[in-house]
>>> print(open('coords.tsv').read())   # TSV, C-alpha atoms and all ligand atoms
chain	number	residue	atom	x	y	z
Y	11	MET	CA	113.80	87.90	101.02
Y	12	GLY	CA	110.66	87.38	98.96
Y	13	LYS	CA	109.94	88.79	95.54
Y	14	ILE	CA	106.88	90.78	94.53
Y	15	ILE	CA	105.44	89.76	91.16
Y	16	THR	CA	102.61	91.94	89.87
Y	17	ILE	CA	100.17	90.75	87.23
Y	18	LYS	CA	99.15	93.92	85.47
Y	19	ASN	CA	97.32	95.21	82.46
Y	20	ASN	CA	95.14	98.27	82.32
Y	21	LYS	CA	92.52	96.28	80.46
Y	22	GLY	CA	89.91	94.07	82.07
Y	23	GLY	CA	89.13	90.55	80.95
Y	24	VAL	CA	92.60	89.62	79.70
Y	25	GLY	CA	93.24	87.02	82.38
Y	26	LYS	CA	94.98	88.84	85.23
Y	27	SER	CA	93.03	87.02	87.93
Y	28	THR	CA	93.25	83.71	86.09
Y	29	LEU	CA	97.02	84.01	85.69
Y	30	SER	CA	97.34	85.08	89.31
Y	31	LYS	CA	95.61	81.97	90.63
Y	32	ASN	CA	97.48	79.54	88.35
Y	33	ILE	CA	100.89	81.14	88.92
Y	34	ALA	CA	100.43	81.50	92.68
Y	35	HIS	CA	99.26	77.91	93.06
Y	36	GLY	CA	101.99	76.64	90.73
Y	37	LEU	CA	104.69	78.25	92.87
Y	38	ALA	CA	103.03	76.94	96.05
Y	39	MET	CA	103.06	73.43	94.62
Y	40	LEU	CA	106.78	73.81	93.99
Y	41	ASN	CA	107.05	74.31	97.75
Y	42	TYR	CA	107.57	78.05	97.76
Y	43	LYS	CA	105.71	80.04	100.39
Y	44	VAL	CA	103.32	82.23	98.44
Y	45	ALA	CA	101.06	85.15	99.34
Y	46	LEU	CA	98.37	86.16	96.86
Y	47	ILE	CA	97.25	89.74	97.18
Y	48	THR	CA	94.94	91.88	95.13
Y	49	SER	CA	94.09	95.53	94.79
Y	50	ASP	CA	90.74	94.48	93.33
Y	51	SER	CA	88.01	94.57	95.94
Y	52	GLN	CA	86.05	91.96	94.06
Y	53	ASN	CA	88.68	89.46	95.21
Y	54	ASP	CA	88.24	87.58	91.94
Y	55	SER	CA	91.37	85.49	92.32
Y	56	LEU	CA	90.09	84.24	95.67
Y	57	ILE	CA	86.76	83.25	94.15
Y	58	LEU	CA	88.57	81.55	91.27
Y	59	LEU	CA	90.42	79.50	93.89
Y	60	GLY	CA	87.12	78.43	95.39
Y	61	GLY	CA	87.20	80.84	98.33
Y	62	TRP	CA	84.90	83.56	99.52
Y	63	PHE	CA	85.29	86.75	101.53
Y	64	GLU	CA	82.47	88.53	103.30
Y	65	SER	CA	83.93	90.15	106.35
Y	66	ASN	CA	85.13	93.73	106.24
Y	67	LYS	CA	88.42	92.69	107.77
Y	68	GLY	CA	90.78	92.59	104.85
Y	69	PHE	CA	94.03	94.13	103.78
Y	70	LYS	CA	93.16	97.48	105.34
Y	71	ALA	CA	92.84	95.92	108.77
Y	72	PHE	CA	96.07	94.09	108.10
Y	73	ILE	CA	97.89	97.27	107.11
Y	74	GLN	CA	96.48	99.40	109.89
Y	75	SER	CA	96.61	97.06	112.82
Y	76	ASN	CA	98.45	94.01	111.58
Y	77	GLU	CA	95.38	91.82	112.08
Y	78	ASP	CA	95.67	88.31	110.79
Y	79	VAL	CA	93.36	88.45	107.80
Y	80	ARG	CA	94.96	85.80	105.64
Y	81	ILE	CA	92.98	82.92	104.24
Y	82	THR	CA	95.05	79.79	103.72
Y	83	ILE	CA	93.51	78.66	100.46
Y	84	ARG	CA	95.98	75.90	99.52
Y	85	GLU	CA	99.06	74.37	101.09
Y	86	ASN	CA	101.81	77.08	101.02
Y	87	LEU	CA	99.34	79.62	99.63
Y	88	ASP	CA	97.81	82.42	101.69
Y	89	TYR	CA	95.29	84.82	100.22
Y	90	TYR	CA	95.02	88.35	101.64
Y	91	PRO	CA	91.54	89.67	100.82
Y	92	ILE	CA	90.90	93.34	100.34
Y	93	GLU	CA	87.86	95.37	101.34
Y	94	THR	CA	86.51	98.26	99.35
Y	95	ASP	CA	87.62	101.44	101.00
Y	96	ILE	CA	91.37	101.25	101.25
Y	97	PHE	CA	91.83	104.27	99.05
Y	98	GLY	CA	92.33	107.91	99.79
Y	99	ILE	CA	93.85	107.46	103.20
Y	100	ASN	CA	97.44	108.33	103.80
Y	101	LEU	CA	98.67	104.83	104.38
Y	102	LYS	CA	101.88	104.85	102.40
Y	103	THR	CA	104.30	104.17	105.25
Y	104	LYS	CA	102.13	101.41	106.62
Y	105	ILE	CA	101.68	99.82	103.22
Y	106	LEU	CA	105.43	99.85	102.71
Y	107	SER	CA	106.12	98.23	106.05
Y	108	THR	CA	103.38	95.67	105.41
Y	109	PHE	CA	105.04	94.58	102.18
Y	110	LYS	CA	108.41	94.51	103.92
Y	111	ASN	CA	106.98	92.09	106.47
Y	112	LEU	CA	105.39	89.98	103.74
Y	113	LYS	CA	108.72	89.76	101.95
Y	114	GLU	CA	110.27	88.35	105.09
Y	115	LYS	CA	107.56	85.74	105.43
Y	116	TYR	CA	107.01	84.58	101.84
Y	117	ASP	CA	109.16	83.61	98.88
Y	118	TYR	CA	106.74	85.15	96.41
Y	119	ILE	CA	104.04	87.77	96.76
Y	120	ILE	CA	101.78	87.64	93.72
Y	121	VAL	CA	99.67	90.73	93.18
Y	122	ASP	CA	96.52	90.56	91.04
Y	123	CYS	CA	96.57	94.25	90.16
Y	124	ALA	CA	93.27	96.00	89.43
Y	125	PRO	CA	93.24	98.30	86.40
Y	126	VAL	CA	92.60	101.43	88.45
Y	127	PHE	CA	94.64	104.28	89.81
Y	128	ASN	CA	94.83	104.39	93.57
Y	129	THR	CA	97.42	104.74	96.30
Y	130	LEU	CA	97.79	101.01	96.78
Y	131	ASN	CA	98.40	100.32	93.09
Y	132	GLU	CA	100.82	103.21	92.82
Y	133	ILE	CA	102.88	101.88	95.70
Y	134	ILE	CA	102.72	98.34	94.39
Y	135	LEU	CA	104.11	99.43	91.02
Y	136	GLU	CA	106.82	101.34	92.83
Y	137	ILE	CA	108.00	98.42	94.94
Y	138	THR	CA	107.22	95.41	92.76
Y	139	ASP	CA	110.24	93.45	91.60
Y	140	GLU	CA	108.65	92.26	88.37
Y	141	ILE	CA	105.57	92.80	86.25
Y	142	ILE	CA	103.92	90.10	84.16
Y	143	VAL	CA	101.50	91.38	81.52
Y	144	PRO	CA	98.74	89.18	80.16
Y	145	ILE	CA	97.49	90.40	76.80
Y	146	LYS	CA	95.19	89.41	74.01
Y	147	LEU	CA	96.67	89.09	70.56
Y	148	ASP	CA	94.68	91.88	68.99
Y	149	LYS	CA	95.29	95.37	67.73
Y	150	LEU	CA	94.44	97.30	70.89
Y	151	SER	CA	96.39	95.06	73.24
Y	152	THR	CA	99.51	95.05	71.18
Y	153	ALA	CA	99.32	98.82	70.81
Y	154	GLY	CA	98.80	99.08	74.58
Y	155	ILE	CA	101.85	97.00	75.38
Y	156	THR	CA	104.28	99.21	73.52
Y	157	ARG	CA	102.86	102.19	75.40
Y	158	LEU	CA	103.17	100.38	78.73
Y	159	LEU	CA	106.84	99.74	78.04
Y	160	GLU	CA	107.49	103.46	77.81
Y	161	LYS	CA	106.15	104.11	81.30
Y	162	ALA	CA	108.31	104.02	84.42
Y	163	GLU	CA	107.06	100.59	85.38
Y	164	GLY	CA	107.83	99.37	81.85
Y	165	LYS	CA	111.37	98.56	82.96
Y	166	LYS	CA	110.01	96.03	85.42
Y	167	ILE	CA	108.14	94.01	82.84
Y	168	THR	CA	109.76	90.59	82.68
Y	169	GLN	CA	107.13	88.57	80.86
Y	170	ILE	CA	104.34	89.09	78.36
Y	171	VAL	CA	101.74	86.33	78.31
Y	172	PRO	CA	99.34	86.19	75.37
Y	173	ASN	CA	96.12	84.70	76.75
Y	174	LEU	CA	92.74	83.71	75.33
Y	175	PHE	CA	94.54	82.77	72.13
Y	176	ARG	CA	92.47	81.73	69.14
Y	177	LYS	CA	94.40	80.40	66.22
Y	178	THR	CA	93.37	82.99	63.67
Y	179	LYS	CA	95.57	84.41	60.97
Y	180	ILE	CA	95.52	87.84	62.63
Y	181	SER	CA	96.47	86.53	66.09
Y	182	ILE	CA	99.33	84.54	64.66
Y	183	GLU	CA	100.54	87.62	62.83
Y	184	TYR	CA	100.39	89.74	66.01
Y	185	TYR	CA	102.31	87.06	67.88
Y	186	LYS	CA	104.99	87.03	65.23
Y	187	ASN	CA	105.32	90.82	65.39
Y	188	LEU	CA	105.57	90.77	69.18
Y	189	LYS	CA	108.20	88.06	68.95
Y	190	ASP	CA	110.30	90.27	66.70
Y	191	PHE	CA	109.67	93.27	68.93
Y	192	PHE	CA	110.81	91.53	72.12
Y	193	LYS	CA	113.70	89.69	70.59
Y	194	ASP	CA	116.91	90.62	72.47
Y	195	THR	CA	115.04	92.80	74.98
Y	196	GLY	CA	115.28	90.33	77.87
Y	197	VAL	CA	111.49	90.33	78.16
Y	198	LEU	CA	110.08	86.82	77.85
Y	199	LEU	CA	107.18	86.34	75.50
Y	200	SER	CA	105.48	83.09	76.45
Y	201	THR	CA	103.78	80.64	74.17
Y	202	PRO	CA	100.15	81.84	73.79
Y	203	ILE	CA	97.68	80.30	76.24
Y	204	PRO	CA	94.73	79.03	74.22
Y	205	GLU	CA	91.21	80.06	74.97
Y	206	THR	CA	89.70	76.87	76.31
Y	207	VAL	CA	86.51	75.76	77.93
Y	208	LEU	CA	88.71	73.80	80.36
Y	209	GLU	CA	89.84	77.01	82.07
Y	210	GLU	CA	86.25	78.16	82.35
Y	211	GLN	CA	85.21	74.84	83.86
Y	212	LEU	CA	88.07	74.94	86.36
Y	213	SER	CA	87.19	78.49	87.38
Y	214	GLU	CA	83.62	77.37	87.86
Y	215	LYS	CA	84.79	74.66	90.24
Y	216	GLY	CA	87.27	76.92	92.05
Y	217	LYS	CA	90.23	74.93	90.83
Y	218	THR	CA	93.55	75.70	89.20
Y	219	ILE	CA	95.10	74.09	86.14
Y	220	TRP	CA	97.23	72.00	88.54
Y	221	GLU	CA	94.16	70.28	89.97
Y	222	THR	CA	92.85	68.25	87.10
Y	223	SER	CA	94.01	65.08	85.49
Y	224	SER	CA	92.40	65.95	82.18
Y	225	LYS	CA	94.81	65.06	79.41
Y	226	LYS	CA	93.90	68.21	77.52
Y	227	ILE	CA	95.15	70.48	80.28
Y	228	GLU	CA	98.75	69.40	79.70
Y	229	GLU	CA	99.23	72.02	77.00
Y	230	LEU	CA	98.29	74.77	79.45
Y	231	GLN	CA	100.42	73.28	82.20
Y	232	GLU	CA	103.39	73.31	79.87
Y	233	ILE	CA	102.94	76.98	79.05
Y	234	TYR	CA	102.47	77.89	82.71
Y	235	GLY	CA	105.61	75.84	83.37
Y	236	GLU	CA	107.46	78.22	81.03
Y	237	ILE	CA	106.10	81.20	82.93
Y	238	LEU	CA	107.02	79.72	86.32
Y	239	GLY	CA	110.49	78.96	84.98
Y	240	GLY	CA	110.84	82.61	84.00
Y	241	ILE	CA	109.91	83.67	87.52
Y	242	ILE	CA	112.14	81.20	89.34
Y	243	ASN	CA	115.17	81.56	87.13
Y	244	GLY	CA	114.75	85.28	86.46
C	301	LIG	N1	92.80	80.71	78.67
C	301	LIG	C1	91.50	80.93	78.93
C	301	LIG	N2	90.55	80.18	78.32
C	301	LIG	C2	89.23	80.41	78.57
C	301	LIG	N3	88.78	81.33	79.40
C	301	LIG	C3	89.67	82.11	80.05
C	301	LIG	C4	91.08	81.93	79.86
C	301	LIG	N4	91.71	82.86	80.63
C	301	LIG	C5	90.75	83.55	81.26
C	301	LIG	N5	89.53	83.11	80.93
C	301	LIG	C6	88.22	83.63	81.36
C	301	LIG	O1	88.12	84.98	80.89
C	301	LIG	C7	87.47	85.79	81.85
C	301	LIG	C8	88.35	86.96	82.23
C	301	LIG	O2	89.49	86.49	82.91
C	301	LIG	P1	90.02	87.21	84.23
C	301	LIG	O3	91.17	86.41	84.73
C	301	LIG	O4	88.91	87.45	85.18
C	301	LIG	O5	90.53	88.59	83.59
C	301	LIG	P2	90.94	89.97	84.35
C	301	LIG	O6	91.33	89.64	85.75
C	301	LIG	O7	92.07	90.51	83.53
C	301	LIG	O8	89.76	90.86	84.27
C	301	LIG	C9	87.12	84.88	83.02
C	301	LIG	O9	85.80	84.46	82.87
C	301	LIG	C10	88.08	83.71	82.87
C	301	LIG	O10	87.54	82.51	83.39
C	302	MG	MG	90.58	90.35	87.57
>>> encode(input="coords.tsv", output="structure tokens")
Amino acid sequence: MGKIITIKNNKGGVGKSTLSKNIAHGLAMLNYKVALITSDSQNDSLILLGGWFESNKGFKAFIQSNEDVRITIRENLDYYPIETDIFGINLKTKILSTFKNLKEKYDYIIVDCAPVFNTLNEIILEITDEIIVPIKLDKLSTAGITRLLEKAEGKKITQIVPNLFRKTKISIEYYKNLKDFFKDTGVLLSTPIPETVLEEQLSEKGKTIWETSSKKIEELQEIYGEILGGIING
């Protein structure tokens, strides 16, 4: 039975789609069968993987009539694109059975969760096994994370991943505070992922951090290794 892992933060631009592509591909490279799904109709994580989606046959068609909409984007990694107008229709039962089927077929279902309220996101948060939260090490993000923990889905948070890290005095201080805060909570706080032009270049080429031999990427691969370890051993 597969596990649903949702990458979630109500803020944009913190690295949800970037984490989704690197985590999903990392698990696929470890030979797990992985589905990457999004509730974001821009399908950013697909584009970041070098794919494209134009047709209007996406997740809605899949939910409603079980059409085969998946795009096999890497070995062991299927992307399920989403079209715009999935919202507002009473699809709950179908969405639930769709995820049940996916769990039978895949080891991990990674959800790149859009920061909006809609039926799909609500259901995803209800049924997800774990939530991974990328954050920036700044005042607003760290305030946001303590609020997120108080919500119902807060109990499902297994990992916090500081991303776009710049080694400033303030960021280091925020990291230290978070470390104290999450000590003994069971929530993993990963090593901060540095902000690096390498990630931008990879995104530009539609590649993941596992697809370059650049020596400088090793630091990122090590941190993502920590995150993958948390998922696999969790
Ligand atoms: N570690 C990083 N270093 C440099 N750029 C990054 C890093 N992580 C993400 N980015 C860039 O930041 C932008 C926002 O990331 P994205 O994953 O799209 O965030 P979100 O999905 O939360 O809106 C993208 O342009 C992405 O390429
Ligand atoms: Mg995104």
>>> residues_near_ligand(input="coords.tsv", ligand="ligand MG 302 (chain C)", cutoff="8 Å", atoms="only C-alpha atoms and all ligand atoms", output="number ranges by chain")
Y: 22-23, 25-28, 50, 53-55, 122-124
>>> write_last_selection(input="coords.tsv", atoms="C-alpha atoms", output="CSV table (one decimal), keeping the file's coordinate frame")
chain,number,residue,atom,x,y,z
Y,22,GLY,CA,89.9,94.1,82.1
Y,23,GLY,CA,89.1,90.6,81.0
Y,25,GLY,CA,93.2,87.0,82.4
Y,26,LYS,CA,95.0,88.8,85.2
Y,27,SER,CA,93.0,87.0,87.9
Y,28,THR,CA,93.2,83.7,86.1
Y,50,ASP,CA,90.7,94.5,93.3
Y,53,ASN,CA,88.7,89.5,95.2
Y,54,ASP,CA,88.2,87.6,91.9
Y,55,SER,CA,91.4,85.5,92.3
Y,122,ASP,CA,96.5,90.6,91.0
Y,123,CYS,CA,96.6,94.2,90.2
Y,124,ALA,CA,93.3,96.0,89.4
>>> closest_residue(input="coords.tsv", among="Y:Ile180, Y:Ile233, Y:Leu188, Y:Ile133", to="ligand LIG 301 (chain C)", atoms="only C-alpha atoms and all ligand atoms")
Y:Ile233
>>> closest_residue(input="coords.tsv", among="Y:Thr168, Y:Thr178, Y:Asn128, Y:Ser65", to="Glu93 of chain Y", atoms="all atoms listed in the file")
Y:Ser65
>>> axis_aligned_box(input="coords.tsv", around="ligand LIG 301 (chain C)", padding_each_side="5 Å", output="AutoDock Vina command-line options")
--center_x 89.3 --center_y 85.5 --center_z 82.0 --size_x 17.0 --size_y 20.7 --size_z 17.4
>>> atom_distance(input="coords.tsv", atom1="atom CA of Ile219 of chain Y", atom2="atom CA of Asn243 of chain Y")
21.4 Å
>>> closest_residue(input="coords.tsv", among="Y:Ile203, Y:Ile241, Y:Ile141, Y:Leu106", to="Lys166 of chain Y", atoms="only C-alpha atoms")
Y:Ile141
>>> atom_distance(input="coords.tsv", atom1="atom CA of Ala45 of chain Y", atom2="atom CA of Tyr116 of chain Y")
6.5 Å
